[in-house]
Each structure stands twice: as structure tokens, then as C-alpha cells.
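Shown next: protein.cif, given as mmCIF, C-alpha atoms.
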```
data_input
loop_
_atom_site.group_PDB
_atom_site.id
_atom_site.type_symbol
_atom_site.label_atom_id
_atom_site.label_comp_id
_atom_site.auth_asym_id
_atom_site.auth_seq_id
_atom_site.Cartn_x
_atom_site.Cartn_y
_atom_site.Cartn_z
ATOM 1 C CA MET I 1 0.000 0.000 0.000
ATOM 2 C CA ARG I 2 2.871 2.382 0.798
ATOM 3 C CA LYS I 3 4.365 1.897 -2.657
ATOM 4 C CA LEU I 4 0.989 2.525 -4.280
ATOM 5 C CA LEU I 5 0.715 5.827 -2.373
ATOM 6 C CA VAL I 6 4.121 6.882 -3.734
ATOM 7 C CA ILE I 7 2.868 6.289 -7.284
ATOM 8 C CA LEU I 8 -0.310 8.290 -6.612
ATOM 9 C CA MET I 9 1.748 11.167 -5.176
ATOM 10 C CA LEU I 10 3.860 11.239 -8.342
ATOM 11 C CA LEU I 11 0.735 11.433 -10.487
ATOM 12 C CA ALA I 12 -0.627 14.261 -8.327
ATOM 13 C CA THR I 13 2.666 16.166 -8.694
ATOM 14 C CA THR I 14 2.442 15.756 -12.463
ATOM 15 C CA GLY I 15 -1.058 17.239 -12.437
ATOM 16 C CA THR I 16 0.165 20.224 -10.418
ATOM 17 C CA ALA I 17 2.970 20.840 -12.905
ATOM 18 C CA LEU I 18 0.497 20.889 -15.770
ATOM 19 C CA ALA I 19 -1.752 23.329 -13.936
ATOM 20 C CA GLN I 20 1.201 25.695 -13.482
ATOM 21 C CA GLN I 21 1.797 25.972 -17.213
ATOM 22 C CA GLY I 22 -0.761 28.790 -17.346
ATOM 23 C CA GLY I 23 -3.012 27.195 -19.898
ATOM 24 C CA HIS I 24 -0.374 27.116 -22.644
ATOM 25 C CA ARG I 25 -0.727 24.071 -24.800
ATOM 26 C CA PRO I 26 2.533 22.067 -24.697
ATOM 27 C CA ARG I 27 4.212 20.860 -27.866
ATOM 28 C CA VAL I 28 3.788 17.106 -28.171
ATOM 29 C CA ARG I 29 6.824 15.095 -29.305
ATOM 30 C CA ILE I 30 7.198 11.373 -29.952
ATOM 31 C CA GLU I 31 10.399 9.726 -28.722
ATOM 32 C CA TRP I 32 11.675 6.195 -29.144
ATOM 33 C CA GLY I 33 14.820 4.198 -28.633
ATOM 34 C CA ALA I 34 16.414 1.016 -27.299
ATOM 35 C CA ILE I 35 17.605 0.137 -23.805
ATOM 36 C CA ALA I 36 19.582 -2.703 -22.223
ATOM 37 C CA GLY I 37 21.202 -3.447 -18.897
ATOM 38 C CA LEU I 38 21.612 -5.638 -15.830
ATOM 39 C CA ASN I 39 19.283 -6.349 -12.935
ATOM 40 C CA VAL I 40 19.978 -7.551 -9.415
ATOM 41 C CA ALA I 41 16.999 -9.636 -8.308
ATOM 42 C CA ASN I 42 15.905 -10.728 -4.848
ATOM 43 C CA TYR I 43 13.380 -13.534 -4.295
ATOM 44 C CA THR I 44 11.975 -14.285 -0.835
ATOM 45 C CA THR I 45 9.507 -16.755 0.675
ATOM 46 C CA ASN I 46 8.058 -17.132 4.166
ATOM 47 C CA MET I 47 8.555 -20.929 4.112
ATOM 48 C CA PRO I 48 11.160 -22.038 6.702
ATOM 49 C CA ILE I 49 11.935 -25.154 4.642
ATOM 50 C CA ALA I 50 12.815 -23.307 1.428
ATOM 51 C CA ASP I 51 15.219 -20.579 0.410
ATOM 52 C CA VAL I 52 15.983 -18.935 -2.910
ATOM 53 C CA GLY I 53 19.338 -17.849 -4.283
ATOM 54 C CA GLU I 54 19.659 -15.424 -7.195
ATOM 55 C CA HIS I 55 21.984 -14.800 -10.101
ATOM 56 C CA LEU I 56 22.637 -11.575 -11.987
ATOM 57 C CA GLY I 57 20.002 -11.042 -14.690
ATOM 58 C CA TRP I 58 19.569 -8.762 -17.678
ATOM 59 C CA GLN I 59 16.911 -7.004 -19.721
ATOM 60 C CA ALA I 60 16.663 -5.346 -23.143
ATOM 61 C CA GLY I 61 13.883 -3.756 -25.117
ATOM 62 C CA ILE I 62 12.231 -0.836 -26.863
ATOM 63 C CA VAL I 63 11.239 2.401 -25.131
ATOM 64 C CA THR I 64 8.811 4.998 -26.456
ATOM 65 C CA ALA I 65 7.437 8.240 -25.050
ATOM 66 C CA VAL I 66 4.746 10.793 -25.827
ATOM 67 C CA ASN I 67 6.400 13.933 -24.469
ATOM 68 C CA PHE I 68 4.101 16.772 -23.368
ATOM 69 C CA GLY I 69 6.917 18.944 -21.975
ATOM 70 C CA ALA I 70 6.592 18.780 -18.194
ATOM 71 C CA PHE I 71 5.654 15.117 -18.275
ATOM 72 C CA ALA I 72 5.519 12.160 -20.646
ATOM 73 C CA ILE I 73 3.704 8.861 -21.031
ATOM 74 C CA GLU I 74 6.227 6.084 -21.663
ATOM 75 C CA PRO I 75 5.048 2.621 -22.790
ATOM 76 C CA GLN I 76 7.908 0.137 -23.081
ATOM 77 C CA ILE I 77 8.464 -3.487 -24.093
ATOM 78 C CA LEU I 78 11.220 -5.357 -22.242
ATOM 79 C CA TYR I 79 12.575 -8.892 -22.423
ATOM 80 C CA VAL I 80 13.761 -9.873 -18.919
ATOM 81 C CA ARG I 81 15.974 -12.878 -18.073
ATOM 82 C CA ASN I 82 16.727 -14.011 -14.509
ATOM 83 C CA GLY I 83 18.364 -17.088 -13.027
ATOM 84 C CA LEU I 84 17.758 -18.501 -9.569
ATOM 85 C CA ARG I 85 18.200 -21.589 -7.425
ATOM 86 C CA VAL I 86 15.469 -22.962 -5.119
ATOM 87 C CA ASN I 87 16.632 -25.059 -2.149
ATOM 88 C CA TYR I 88 13.815 -27.079 -0.577
ATOM 89 C CA TYR I 89 14.422 -28.964 2.681
ATOM 90 C CA GLY I 90 11.770 -31.687 2.788
ATOM 91 C CA ASP I 91 12.483 -35.339 3.556
ATOM 92 C CA GLU I 92 15.757 -34.644 1.811
ATOM 93 C CA LYS I 93 17.314 -31.493 0.370
ATOM 94 C CA THR I 94 16.203 -30.701 -3.182
ATOM 95 C CA SER I 95 18.041 -28.043 -5.161
ATOM 96 C CA VAL I 96 16.540 -26.766 -8.428
ATOM 97 C CA ARG I 97 18.199 -24.368 -10.879
ATOM 98 C CA LEU I 98 15.701 -22.196 -12.746
ATOM 99 C CA ARG I 99 15.779 -19.836 -15.709
ATOM 100 C CA SER I 100 13.009 -17.240 -15.862
ATOM 101 C CA ASN I 101 12.091 -15.457 -19.114
ATOM 102 C CA SER I 102 9.409 -12.789 -19.363
ATOM 103 C CA ILE I 103 8.113 -10.031 -21.596
ATOM 104 C CA ASP I 104 7.201 -6.998 -19.492
ATOM 105 C CA VAL I 105 5.236 -3.930 -20.592
ATOM 106 C CA PRO I 106 5.843 -0.979 -18.247
ATOM 107 C CA VAL I 107 3.473 1.968 -18.762
ATOM 108 C CA LEU I 108 5.231 4.868 -17.055
ATOM 109 C CA VAL I 109 4.429 8.473 -16.242
ATOM 110 C CA SER I 110 7.640 10.505 -16.187
ATOM 111 C CA LEU I 111 8.071 13.936 -14.621
ATOM 112 C CA ARG I 112 10.556 16.139 -16.519
ATOM 113 C CA LEU I 113 10.698 19.439 -14.665
ATOM 114 C CA LEU I 114 14.413 19.148 -13.741
ATOM 115 C CA ARG I 115 16.083 18.448 -17.065
ATOM 116 C CA PRO I 116 18.062 16.410 -17.969
ATOM 117 C CA VAL I 117 16.724 14.349 -15.027
ATOM 118 C CA ARG I 118 13.395 12.515 -15.229
ATOM 119 C CA PHE I 119 11.486 10.712 -12.486
ATOM 120 C CA TYR I 120 8.988 8.023 -13.377
ATOM 121 C CA ALA I 121 6.672 5.401 -11.960
ATOM 122 C CA GLY I 122 3.882 3.162 -13.146
ATOM 123 C CA PRO I 123 2.487 -0.352 -13.479
ATOM 124 C CA VAL I 124 4.282 -3.220 -15.197
ATOM 125 C CA PHE I 125 2.216 -5.813 -17.071
ATOM 126 C CA THR I 126 3.863 -9.207 -17.612
ATOM 127 C CA VAL I 127 2.329 -10.549 -20.821
ATOM 128 C CA MET I 128 4.514 -13.661 -21.064
ATOM 129 C CA ASN I 129 6.385 -15.517 -18.335
ATOM 130 C CA ASP I 130 7.861 -18.986 -18.283
ATOM 131 C CA CYS I 131 10.345 -20.553 -15.945
ATOM 132 C CA LYS I 132 12.441 -23.542 -16.991
ATOM 133 C CA GLN I 133 14.069 -26.076 -14.685
ATOM 134 C CA LYS I 134 17.512 -27.343 -15.639
ATOM 135 C CA SER I 135 17.554 -31.139 -15.440
ATOM 136 C CA GLY I 136 20.687 -32.621 -16.919
ATOM 137 C CA GLY I 137 20.902 -31.256 -20.440
ATOM 138 C CA ASN I 138 17.167 -30.556 -20.660
ATOM 139 C CA LEU I 139 14.975 -27.611 -19.677
ATOM 140 C CA LEU I 140 11.650 -28.583 -18.078
ATOM 141 C CA ASP I 141 8.692 -26.247 -17.575
ATOM 142 C CA PHE I 142 8.438 -24.993 -13.974
ATOM 143 C CA GLY I 143 5.520 -22.546 -14.266
ATOM 144 C CA ARG I 144 5.186 -18.831 -13.547
ATOM 145 C CA ILE I 145 7.202 -17.151 -10.810
ATOM 146 C CA ARG I 146 6.515 -13.511 -11.731
ATOM 147 C CA PRO I 147 3.269 -11.635 -11.005
ATOM 148 C CA THR I 148 0.970 -10.567 -13.830
ATOM 149 C CA VAL I 149 0.900 -6.955 -12.609
ATOM 150 C CA ALA I 150 3.783 -5.294 -10.744
ATOM 151 C CA PHE I 151 5.149 -1.748 -10.446
ATOM 152 C CA THR I 152 8.309 0.198 -11.092
ATOM 153 C CA ALA I 153 9.761 3.538 -9.979
ATOM 154 C CA GLY I 154 13.039 5.104 -10.957
ATOM 155 C CA ILE I 155 15.138 7.940 -12.265
ATOM 156 C CA GLY I 156 16.775 8.593 -15.613
ATOM 157 C CA VAL I 157 19.350 11.078 -16.900
ATOM 158 C CA GLN I 158 19.434 11.940 -20.601
ATOM 159 C CA LEU I 159 22.795 13.128 -21.946
ATOM 160 C CA GLY I 160 22.309 13.905 -25.606
ATOM 161 C CA HIS I 161 20.920 10.748 -27.162
ATOM 162 C CA THR I 162 22.153 8.572 -24.263
ATOM 163 C CA LEU I 163 19.826 7.613 -21.394
ATOM 164 C CA LEU I 164 21.174 6.360 -18.053
ATOM 165 C CA ASP I 165 18.414 4.578 -16.169
ATOM 166 C CA VAL I 166 18.053 3.165 -12.642
ATOM 167 C CA ARG I 167 14.765 1.695 -11.450
ATOM 168 C CA TYR I 168 13.265 -0.398 -8.690
ATOM 169 C CA ASN I 169 10.841 -3.148 -9.747
ATOM 170 C CA GLY I 170 8.524 -4.631 -7.125
ATOM 171 C CA GLN I 171 5.247 -6.487 -6.855
ATOM 172 C CA PHE I 172 1.977 -5.697 -5.092
ATOM 173 C CA ARG I 173 1.398 -9.143 -3.577
ATOM 174 C CA ALA I 174 3.128 -12.500 -3.284
ATOM 175 C CA LYS I 175 2.440 -15.432 -5.584
ATOM 176 C CA HIS I 176 0.908 -18.557 -4.037
ATOM 177 C CA ASP I 177 1.097 -20.964 -6.975
ATOM 178 C CA VAL I 178 4.825 -21.681 -7.360
ATOM 179 C CA VAL I 179 5.091 -25.491 -7.429
ATOM 180 C CA LEU I 180 8.220 -27.468 -6.575
ATOM 181 C CA PRO I 181 9.176 -30.641 -8.496
ATOM 182 C CA ASP I 182 7.832 -32.928 -5.730
ATOM 183 C CA GLY I 183 4.392 -31.246 -5.862
ATOM 184 C CA ASN I 184 4.826 -28.976 -2.843
ATOM 185 C CA TYR I 185 4.128 -25.241 -3.045
ATOM 186 C CA ILE I 186 6.363 -22.302 -2.251
ATOM 187 C CA ASP I 187 4.125 -20.105 -0.114
ATOM 188 C CA LYS I 188 4.067 -16.318 -0.628
ATOM 189 C CA MET I 189 7.017 -15.979 -2.952
ATOM 190 C CA ARG I 190 7.929 -12.344 -3.602
ATOM 191 C CA SER I 191 10.392 -10.823 -6.040
ATOM 192 C CA HIS I 192 11.906 -7.413 -6.598
ATOM 193 C CA ASN I 193 14.984 -6.150 -8.374
ATOM 194 C CA VAL I 194 17.074 -3.079 -9.072
ATOM 195 C CA ALA I 195 17.840 -2.573 -12.760
ATOM 196 C CA PHE I 196 20.681 -0.510 -14.255
ATOM 197 C CA SER I 197 20.323 0.259 -17.955
ATOM 198 C CA VAL I 198 21.802 2.347 -20.774
ATOM 199 C CA GLY I 199 19.690 3.421 -23.727
ATOM 200 C CA TYR I 200 19.914 5.323 -26.997
ATOM 201 C CA LEU I 201 17.063 7.710 -27.841
ATOM 202 C CA PHE I 202 16.150 9.156 -31.241
#
```

How does this structure look as C-alpha cells?
Amino acid sequence: MRKLLVILMLLATTGTALAQQGGHRPRVRIEWGAIAGLNVANYTTNMPIADVGEHLGWQAGIVTAVNFGAFAIEPQILYVRNGLRVNYYGDEKTSVRLRSNSIDVPVLVSLRLLRPVRFYAGPVFTVMNDCKQKSGGNLLDFGRIRPTVAFTAGIGVQLGHTLLDVRYNGQFRAKHDVVLPDGNYIDKMRSHNVAFSVGYLF
């Protein structure tokens, strides 16, 4: 709930900035570009018999923006790859290496009053997510580990055509349907990550 309030406060600040423009109609510009970088993920669960270890992940995709001057609407399409290891301590210890692939669609509102700095926040819609289990030389389907709707907040600095981007990606609630290979469930699994990216804007 606290994170949702932060997003609402950002939207309210954007509305105030528009009201201060004195009724002048801003010039609308369309921006687009590409972005890529690394993410440091953290997965947690409240199960005492399971723990999750993470590996460094990465993401890449296309960014667009409808720029109204003081603020912009920024829909993006990102391919996100993460690796993790689930250790489950049942009758005997089970260790599973996983590879998570997803296509995320952030829809951001960015505030651009302090150029070249921009602040943004918004929902993230995961339109495709699969997680594969490494078993020998094969990859077996493990199911979804990412939420369908999450959120992101961050800051970017544009230097010419180059965009330096840092953002925090979190989720509103934990997933309850992550199934281990022996049929047991991981209860209330949560994920969040910090992503560092570099982009080129046209």
C-alpha cells in the first residue's frame, strides 16, 4: 500500500505541474529508442523449509514516449531474463536451478521538470512468463514465478541521445502458486529487483 501511495503522489505532482503551465498548450513530441542493462533480483519466501538464491540477470527492449513537456507517457516493451536456485528442505534437500524469461510492458508516467533528469513510476504488465528447470541437459517447464501486474519507480538522466536509467521493480502481492518438483508449493514468494540500464534515444 505504501508503494501505491508513492505512485499516486507522483501522479498528483504531475497534475500540479500541468496546472502551473498557465493554460499554454505544450508541444507534443514522440520519442523512441532502445535500452539494455543488468538487474539484481531478490526472491523471498516465508517458508522455513525453502530458500531462494539469485543470479545476476539482464533485460533489453524498446522504449517509447509521448512527451508533453513537463511530463511524458512512456510505454515500453522489455525482455527480462533471470536465473535462480530454489533449495527445498523436505524429507531430503532438493536443489533446483531455474531460468526465468518474461516479456514486461511498463506503462510509465515521467516527470521532466528538472532536465536532464526525469522521475517516473507506473504499473508493469507481464504478458509472457515462463520458468524452466535445468535437469541434466534438458529444460523442463516450472511454471510462472513472476506476477501478472507489478510496479516500477526510478530515475533517468538523458545526456544527448544517451539515457542512463536506474529503477526499482517490485510487486503488489506474493504469488501462491509456485510449485516445486515434488508437488509442494512455495508459499508467498515475492520478487523485486534493481535494474541498471543504458539506452539510446532518437

How would you write, as a list of chain:residue names, the residues chosen by the PyMOL selection byres ((chain I and resi 90) around 10) on this structure?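 Matching residues under the PyMOL selection byres ((chain I and resi 90) around 10) are I:Ile49, I:Ala50, I:Asn87, I:Tyr88, I:Tyr89, I:Asp91, I:Glu92, I:Lys93, I:Thr94, I:Asp182, I:Asn184.
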
Go ahead and write the selection's residues with C-alpha atoms as a PDB file, keeping the file's coordinate frame.
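Written out: part.pdb:
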```pdb
ATOM      1  CA  ILE I  49      11.935 -25.154   4.642  1.00  0.00           C
ATOM      2  CA  ALA I  50      12.815 -23.307   1.428  1.00  0.00           C
ATOM      3  CA  ASN I  87      16.632 -25.059  -2.149  1.00  0.00           C
ATOM      4  CA  TYR I  88      13.815 -27.079  -0.577  1.00  0.00           C
ATOM      5  CA  TYR I  89      14.422 -28.964   2.681  1.00  0.00           C
ATOM      6  CA  ASP I  91      12.483 -35.339   3.556  1.00  0.00           C
ATOM      7  CA  GLU I  92      15.757 -34.644   1.811  1.00  0.00           C
ATOM      8  CA  LYS I  93      17.314 -31.493   0.370  1.00  0.00           C
ATOM      9  CA  THR I  94      16.203 -30.701  -3.182  1.00  0.00           C
ATOM     10  CA  ASP I 182       7.832 -32.928  -5.730  1.00  0.00           C
ATOM     11  CA  ASN I 184       4.826 -28.976  -2.843  1.00  0.00           C
TER      12      ASN I 184
END
```

Kindly resolve the PyMOL selection byres ((chain I and resi 38) around 12) on the present coordinates and return the residues as an MDAnalysis selection string. chainID I and resid 35:37 39:41 55:60 79:82 165:167 193:198

Taking all atoms listed in the file into account, which of I:Asn42, I:Ile73, I:Ile155, I:Pro48 comes nearest Ile30 (chain I)?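 Smallest separation from Ile30 (chain I) among the options: I:Ile73.
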
Going by the chain IDs and residue numbers used in this file, which residues fall under the PyMOL selection byres ((chain I and resi 169) around 9)? Write them as a PyMOL selection string. chain I and resi 124+150-154+167-168+170-171+191-195

What does the distance between CA of Ser95 (chain I) and CA of Phe172 (chain I) come to in Å, to one decimal place?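 Atom-to-atom, CA of Ser95 (chain I) and CA of Phe172 (chain I) are spaced 27.5 Å apart.
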
Can region 115-126 of chain I be brought up to all heavy atoms and written out as a PDB file, keeping the file's coordinate frame?
```
ATOM      1  N   ARG I 115      15.303  19.043 -15.987  1.00  0.00           N
ATOM      2  CA  ARG I 115      16.083  18.448 -17.065  1.00  0.00           C
ATOM      3  C   ARG I 115      17.573  18.606 -16.804  1.00  0.00           C
ATOM      4  O   ARG I 115      17.988  19.619 -16.246  1.00  0.00           O
ATOM      5  CB  ARG I 115      15.696  19.108 -18.392  1.00  0.00           C
ATOM      6  CG  ARG I 115      14.206  18.954 -18.682  1.00  0.00           C
ATOM      7  CD  ARG I 115      13.873  19.313 -20.076  1.00  0.00           C
ATOM      8  NE  ARG I 115      12.441  19.136 -20.305  1.00  0.00           N
ATOM      9  CZ  ARG I 115      11.883  19.056 -21.493  1.00  0.00           C
ATOM     10  NH1 ARG I 115      12.634  19.134 -22.564  1.00  0.00           N
ATOM     11  NH2 ARG I 115      10.588  18.905 -21.625  1.00  0.00           N
ATOM     12  N   PRO I 116      18.387  17.592 -17.177  1.00  0.00           N
ATOM     13  CA  PRO I 116      18.062  16.410 -17.969  1.00  0.00           C
ATOM     14  C   PRO I 116      17.561  15.214 -17.159  1.00  0.00           C
ATOM     15  O   PRO I 116      17.537  14.091 -17.655  1.00  0.00           O
ATOM     16  CB  PRO I 116      19.406  16.074 -18.616  1.00  0.00           C
ATOM     17  CG  PRO I 116      20.407  16.441 -17.549  1.00  0.00           C
ATOM     18  CD  PRO I 116      19.836  17.669 -16.879  1.00  0.00           C
ATOM     19  N   VAL I 117      17.170  15.442 -15.894  1.00  0.00           N
ATOM     20  CA  VAL I 117      16.724  14.349 -15.027  1.00  0.00           C
ATOM     21  C   VAL I 117      15.228  14.125 -15.216  1.00  0.00           C
ATOM     22  O   VAL I 117      14.460  15.078 -15.394  1.00  0.00           O
ATOM     23  CB  VAL I 117      17.033  14.681 -13.549  1.00  0.00           C
ATOM     24  CG1 VAL I 117      16.553  13.560 -12.637  1.00  0.00           C
ATOM     25  CG2 VAL I 117      18.521  14.925 -13.365  1.00  0.00           C
ATOM     26  N   ARG I 118      14.811  12.874 -15.177  1.00  0.00           N
ATOM     27  CA  ARG I 118      13.395  12.515 -15.229  1.00  0.00           C
ATOM     28  C   ARG I 118      13.097  11.494 -14.128  1.00  0.00           C
ATOM     29  O   ARG I 118      13.916  10.617 -13.846  1.00  0.00           O
ATOM     30  CB  ARG I 118      13.018  11.940 -16.595  1.00  0.00           C
ATOM     31  CG  ARG I 118      13.772  10.679 -16.955  1.00  0.00           C
ATOM     32  CD  ARG I 118      13.454  10.194 -18.354  1.00  0.00           C
ATOM     33  NE  ARG I 118      13.958  11.120 -19.373  1.00  0.00           N
ATOM     34  CZ  ARG I 118      13.858  10.896 -20.679  1.00  0.00           C
ATOM     35  NH1 ARG I 118      13.276   9.788 -21.112  1.00  0.00           N
ATOM     36  NH2 ARG I 118      14.339  11.754 -21.539  1.00  0.00           N
ATOM     37  N   PHE I 119      11.951  11.656 -13.497  1.00  0.00           N
ATOM     38  CA  PHE I 119      11.486  10.712 -12.486  1.00  0.00           C
ATOM     39  C   PHE I 119      10.248  10.016 -13.039  1.00  0.00           C
ATOM     40  O   PHE I 119       9.382  10.670 -13.624  1.00  0.00           O
ATOM     41  CB  PHE I 119      11.124  11.437 -11.180  1.00  0.00           C
ATOM     42  CG  PHE I 119      12.250  12.235 -10.600  1.00  0.00           C
ATOM     43  CD1 PHE I 119      12.406  13.576 -10.932  1.00  0.00           C
ATOM     44  CD2 PHE I 119      13.157  11.652  -9.746  1.00  0.00           C
ATOM     45  CE1 PHE I 119      13.445  14.321 -10.400  1.00  0.00           C
ATOM     46  CE2 PHE I 119      14.195  12.389  -9.212  1.00  0.00           C
ATOM     47  CZ  PHE I 119      14.346  13.728  -9.544  1.00  0.00           C
ATOM     48  N   TYR I 120      10.155   8.704 -12.833  1.00  0.00           N
ATOM     49  CA  TYR I 120       8.988   8.023 -13.377  1.00  0.00           C
ATOM     50  C   TYR I 120       8.541   6.875 -12.486  1.00  0.00           C
ATOM     51  O   TYR I 120       9.273   6.364 -11.655  1.00  0.00           O
ATOM     52  CB  TYR I 120       9.245   7.510 -14.792  1.00  0.00           C
ATOM     53  CG  TYR I 120      10.601   6.906 -15.033  1.00  0.00           C
ATOM     54  CD1 TYR I 120      10.938   5.660 -14.510  1.00  0.00           C
ATOM     55  CD2 TYR I 120      11.548   7.590 -15.772  1.00  0.00           C
ATOM     56  CE1 TYR I 120      12.186   5.113 -14.739  1.00  0.00           C
ATOM     57  CE2 TYR I 120      12.791   7.043 -16.006  1.00  0.00           C
ATOM     58  CZ  TYR I 120      13.105   5.807 -15.491  1.00  0.00           C
ATOM     59  OH  TYR I 120      14.345   5.273 -15.711  1.00  0.00           O
ATOM     60  N   ALA I 121       7.270   6.514 -12.694  1.00  0.00           N
ATOM     61  CA  ALA I 121       6.672   5.401 -11.960  1.00  0.00           C
ATOM     62  C   ALA I 121       5.469   4.920 -12.750  1.00  0.00           C
ATOM     63  O   ALA I 121       4.910   5.648 -13.582  1.00  0.00           O
ATOM     64  CB  ALA I 121       6.250   5.826 -10.559  1.00  0.00           C
ATOM     65  N   GLY I 122       5.062   3.687 -12.476  1.00  0.00           N
ATOM     66  CA  GLY I 122       3.882   3.162 -13.146  1.00  0.00           C
ATOM     67  C   GLY I 122       3.777   1.657 -13.031  1.00  0.00           C
ATOM     68  O   GLY I 122       4.670   0.989 -12.488  1.00  0.00           O
ATOM     69  N   PRO I 123       2.679   1.097 -13.537  1.00  0.00           N
ATOM     70  CA  PRO I 123       2.487  -0.352 -13.479  1.00  0.00           C
ATOM     71  C   PRO I 123       3.314  -1.075 -14.532  1.00  0.00           C
ATOM     72  O   PRO I 123       3.692  -0.497 -15.555  1.00  0.00           O
ATOM     73  CB  PRO I 123       0.979  -0.508 -13.758  1.00  0.00           C
ATOM     74  CG  PRO I 123       0.654   0.677 -14.619  1.00  0.00           C
ATOM     75  CD  PRO I 123       1.531   1.793 -14.127  1.00  0.00           C
ATOM     76  N   VAL I 124       3.572  -2.344 -14.260  1.00  0.00           N
ATOM     77  CA  VAL I 124       4.282  -3.220 -15.197  1.00  0.00           C
ATOM     78  C   VAL I 124       3.397  -4.443 -15.438  1.00  0.00           C
ATOM     79  O   VAL I 124       3.054  -5.160 -14.493  1.00  0.00           O
ATOM     80  CB  VAL I 124       5.652  -3.660 -14.643  1.00  0.00           C
ATOM     81  CG1 VAL I 124       6.347  -4.587 -15.641  1.00  0.00           C
ATOM     82  CG2 VAL I 124       6.525  -2.455 -14.336  1.00  0.00           C
ATOM     83  N   PHE I 125       3.056  -4.676 -16.704  1.00  0.00           N
ATOM     84  CA  PHE I 125       2.216  -5.813 -17.071  1.00  0.00           C
ATOM     85  C   PHE I 125       3.099  -6.900 -17.690  1.00  0.00           C
ATOM     86  O   PHE I 125       3.787  -6.650 -18.679  1.00  0.00           O
ATOM     87  CB  PHE I 125       1.135  -5.388 -18.070  1.00  0.00           C
ATOM     88  CG  PHE I 125       0.258  -4.274 -17.556  1.00  0.00           C
ATOM     89  CD1 PHE I 125       0.536  -2.949 -17.875  1.00  0.00           C
ATOM     90  CD2 PHE I 125      -0.830  -4.556 -16.752  1.00  0.00           C
ATOM     91  CE1 PHE I 125      -0.263  -1.925 -17.400  1.00  0.00           C
ATOM     92  CE2 PHE I 125      -1.631  -3.535 -16.264  1.00  0.00           C
ATOM     93  CZ  PHE I 125      -1.352  -2.214 -16.597  1.00  0.00           C
ATOM     94  N   THR I 126       3.104  -8.076 -17.079  1.00  0.00           N
ATOM     95  CA  THR I 126       3.863  -9.207 -17.612  1.00  0.00           C
ATOM     96  C   THR I 126       2.948 -10.000 -18.537  1.00  0.00           C
ATOM     97  O   THR I 126       2.003 -10.647 -18.085  1.00  0.00           O
ATOM     98  CB  THR I 126       4.387 -10.107 -16.482  1.00  0.00           C
ATOM     99  OG1 THR I 126       5.267  -9.340 -15.651  1.00  0.00           O
ATOM    100  CG2 THR I 126       5.156 -11.297 -17.038  1.00  0.00           C
TER     101      THR I 126
END
```
